[in-house]
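Chemist: Let me give you the structure first, and then I'll get to my questions.
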Amino acid sequence: MLYRRSNSHFWWIRFTTPDGKEVRRSAGTEDKKAAEEYEAKLKQELWRQERMGDKPRHTWQEAVVHWVEETTHKATQEDDVYHLREIGKHWSALYLDEIGRDRLDALMKARQAQGVSHATVNRMLEVARAILRRAERDWEWLEHAPAVRMLPESRARIRWLTRDEASRLIAELPEHLADMARFSLATGLREANVTGLEWSQVDLVRRVAWIHPDQAKAKRAIGVPLNADAVLVLRRWVGRHQERVFCFQARGCDDCKPIAKAGTAAWKKALGRAGIASFR
């Protein structure tokens with residue numbers, strides 16, 4: 001039978017096999033028809049394993065769950081999960097051995113049709129490739145992982161802001177984003193390190209901050225000297241939040257809430273008002 005859990009958008013499957021074992025798992029899709037197809041396929045596979053002695057087949061959804069459990073240490077796991085949600089819209093009901101060149105090409109074209117960049121498509125394909133390779137080489141769930149072809153990417157560097165552009169942008173940003181931009185320009189830190197910065201990582205007396213290894217892309221601790229501009233920014237935010245340095249206080253709200261992402265609609269609108277293009 002198919003059913004919905006109160007805490008999940010996906011359809012769930014529950015049935016009992018001929019030998020009395022209860023099977024209960026997510027179909028990994030919000031589409032009822034796709035969930036029904038997955039349920040029928042799963043019942044057939046379990047029957048063949050029991051009656052014919054077939055080697056168990058594993059689904060893409062099983063591989064995703066296994067991958068996420070094994071990669072909790074990755075600094076980029078949040079990005080991986082984002083890409084996996086997109087892949088799941090196309091592959092959630094597939095078995096690993098059904099994923100070949102045609103499925104990869106269809107996935108790539110579907111994302112391109114949504115207007116995303118070649119770089120974004122490639123990051124998605126890299127996650128898919130990593131899971132398929134691990135399914136073949138480590139888990140032994142797959143006889144042969146298909147080759148994954150990447151799209152050509154622009155080699156242009158992300159440009160630097162000029163001083164005049166930086167001043168215009170900061171003037172257009174709301175307070176919390178303006179100070180985060182000032183702090184980023186003063187330290188060179190990545191967006192995630194600025195939004196996630198905690199007071200426990202800051203020493204205003206010694207004028208230094210530090211990024212822990214699990215927060216750094218290279219997995220190495222980073223010591224960050226704080227110049228006068230960075231110190232002035234931090235002093236303005238002392239006492240606003242007990243844990244996080246930067247936070248956002250909505251109009252009419254007493255609490256200052258941590259910021260998850262800086263590249264919001266307010267950021268994009270400010271870029272437009274400042275007349276700045278091709279910058280993030």
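Quick note on naming: the chains in the structure tokens go A, B, ... in the order shown, residues restart at 1 in each chain, and ligands are numbered from 1 in order of appearance.
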Hey, what's within 9 Å of Ala228 (chain A) if we count only C-alpha atoms and toss same-chain stuff fewer than 4 positions away? As number ranges by chain, please?
Modeler: A: 186, 207, 232-233
Chemist: So which residues touch region 12-23 of chain A within 6 Å, counting only C-alpha atoms, skipping near sequence neighbours fewer than 6 positions away, as a ChimeraX atom specification?
Modeler: /A:1-4
Chemist: Counting only C-alpha atoms, which of A:Leu177, A:Ile222, A:Ala106, A:Val238 gets nearest to Trp199 (chain A)?
Modeler: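 Among the listed residues, the smallest separation from Trp199 (chain A) belongs to A:Val238.
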Chemist: Hey, what's within 10 Å of Ile99 (chain A) if we count only C-alpha atoms and toss same-chain stuff fewer than 6 positions away? As a PDB file with C-alpha atoms, in the first residue's frame, please?
Modeler:
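Saved the output as result.pdb:
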ATOM      1  CA  THR A  59      17.843   1.565  -6.099  1.00  0.00           C
ATOM      2  CA  TRP A  60      19.197   5.046  -6.638  1.00  0.00           C
ATOM      3  CA  TRP A  91      15.824   8.942 -10.786  1.00  0.00           C
ATOM      4  CA  LEU A 132      27.725   5.508  -8.994  1.00  0.00           C
ATOM      5  CA  ALA A 145      29.315   2.541 -13.393  1.00  0.00           C
ATOM      6  CA  PRO A 146      28.591   4.521 -16.582  1.00  0.00           C
TER       7      PRO A 146
END
Chemist: Using DSSP on the backbone coordinates, identify all residues within region 32-270 of chain A classified as strand (DSSP E); present the result as a list in words.
Modeler: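 Here are the strand (DSSP E) residues of region 32-270 of chain A: Val202, Asp203, Val208, Ala209, Trp210, Ile211, Ile222, Gly223, Val224, Pro225, Cys247, Phe248, Lys257 and Pro258 of chain A.
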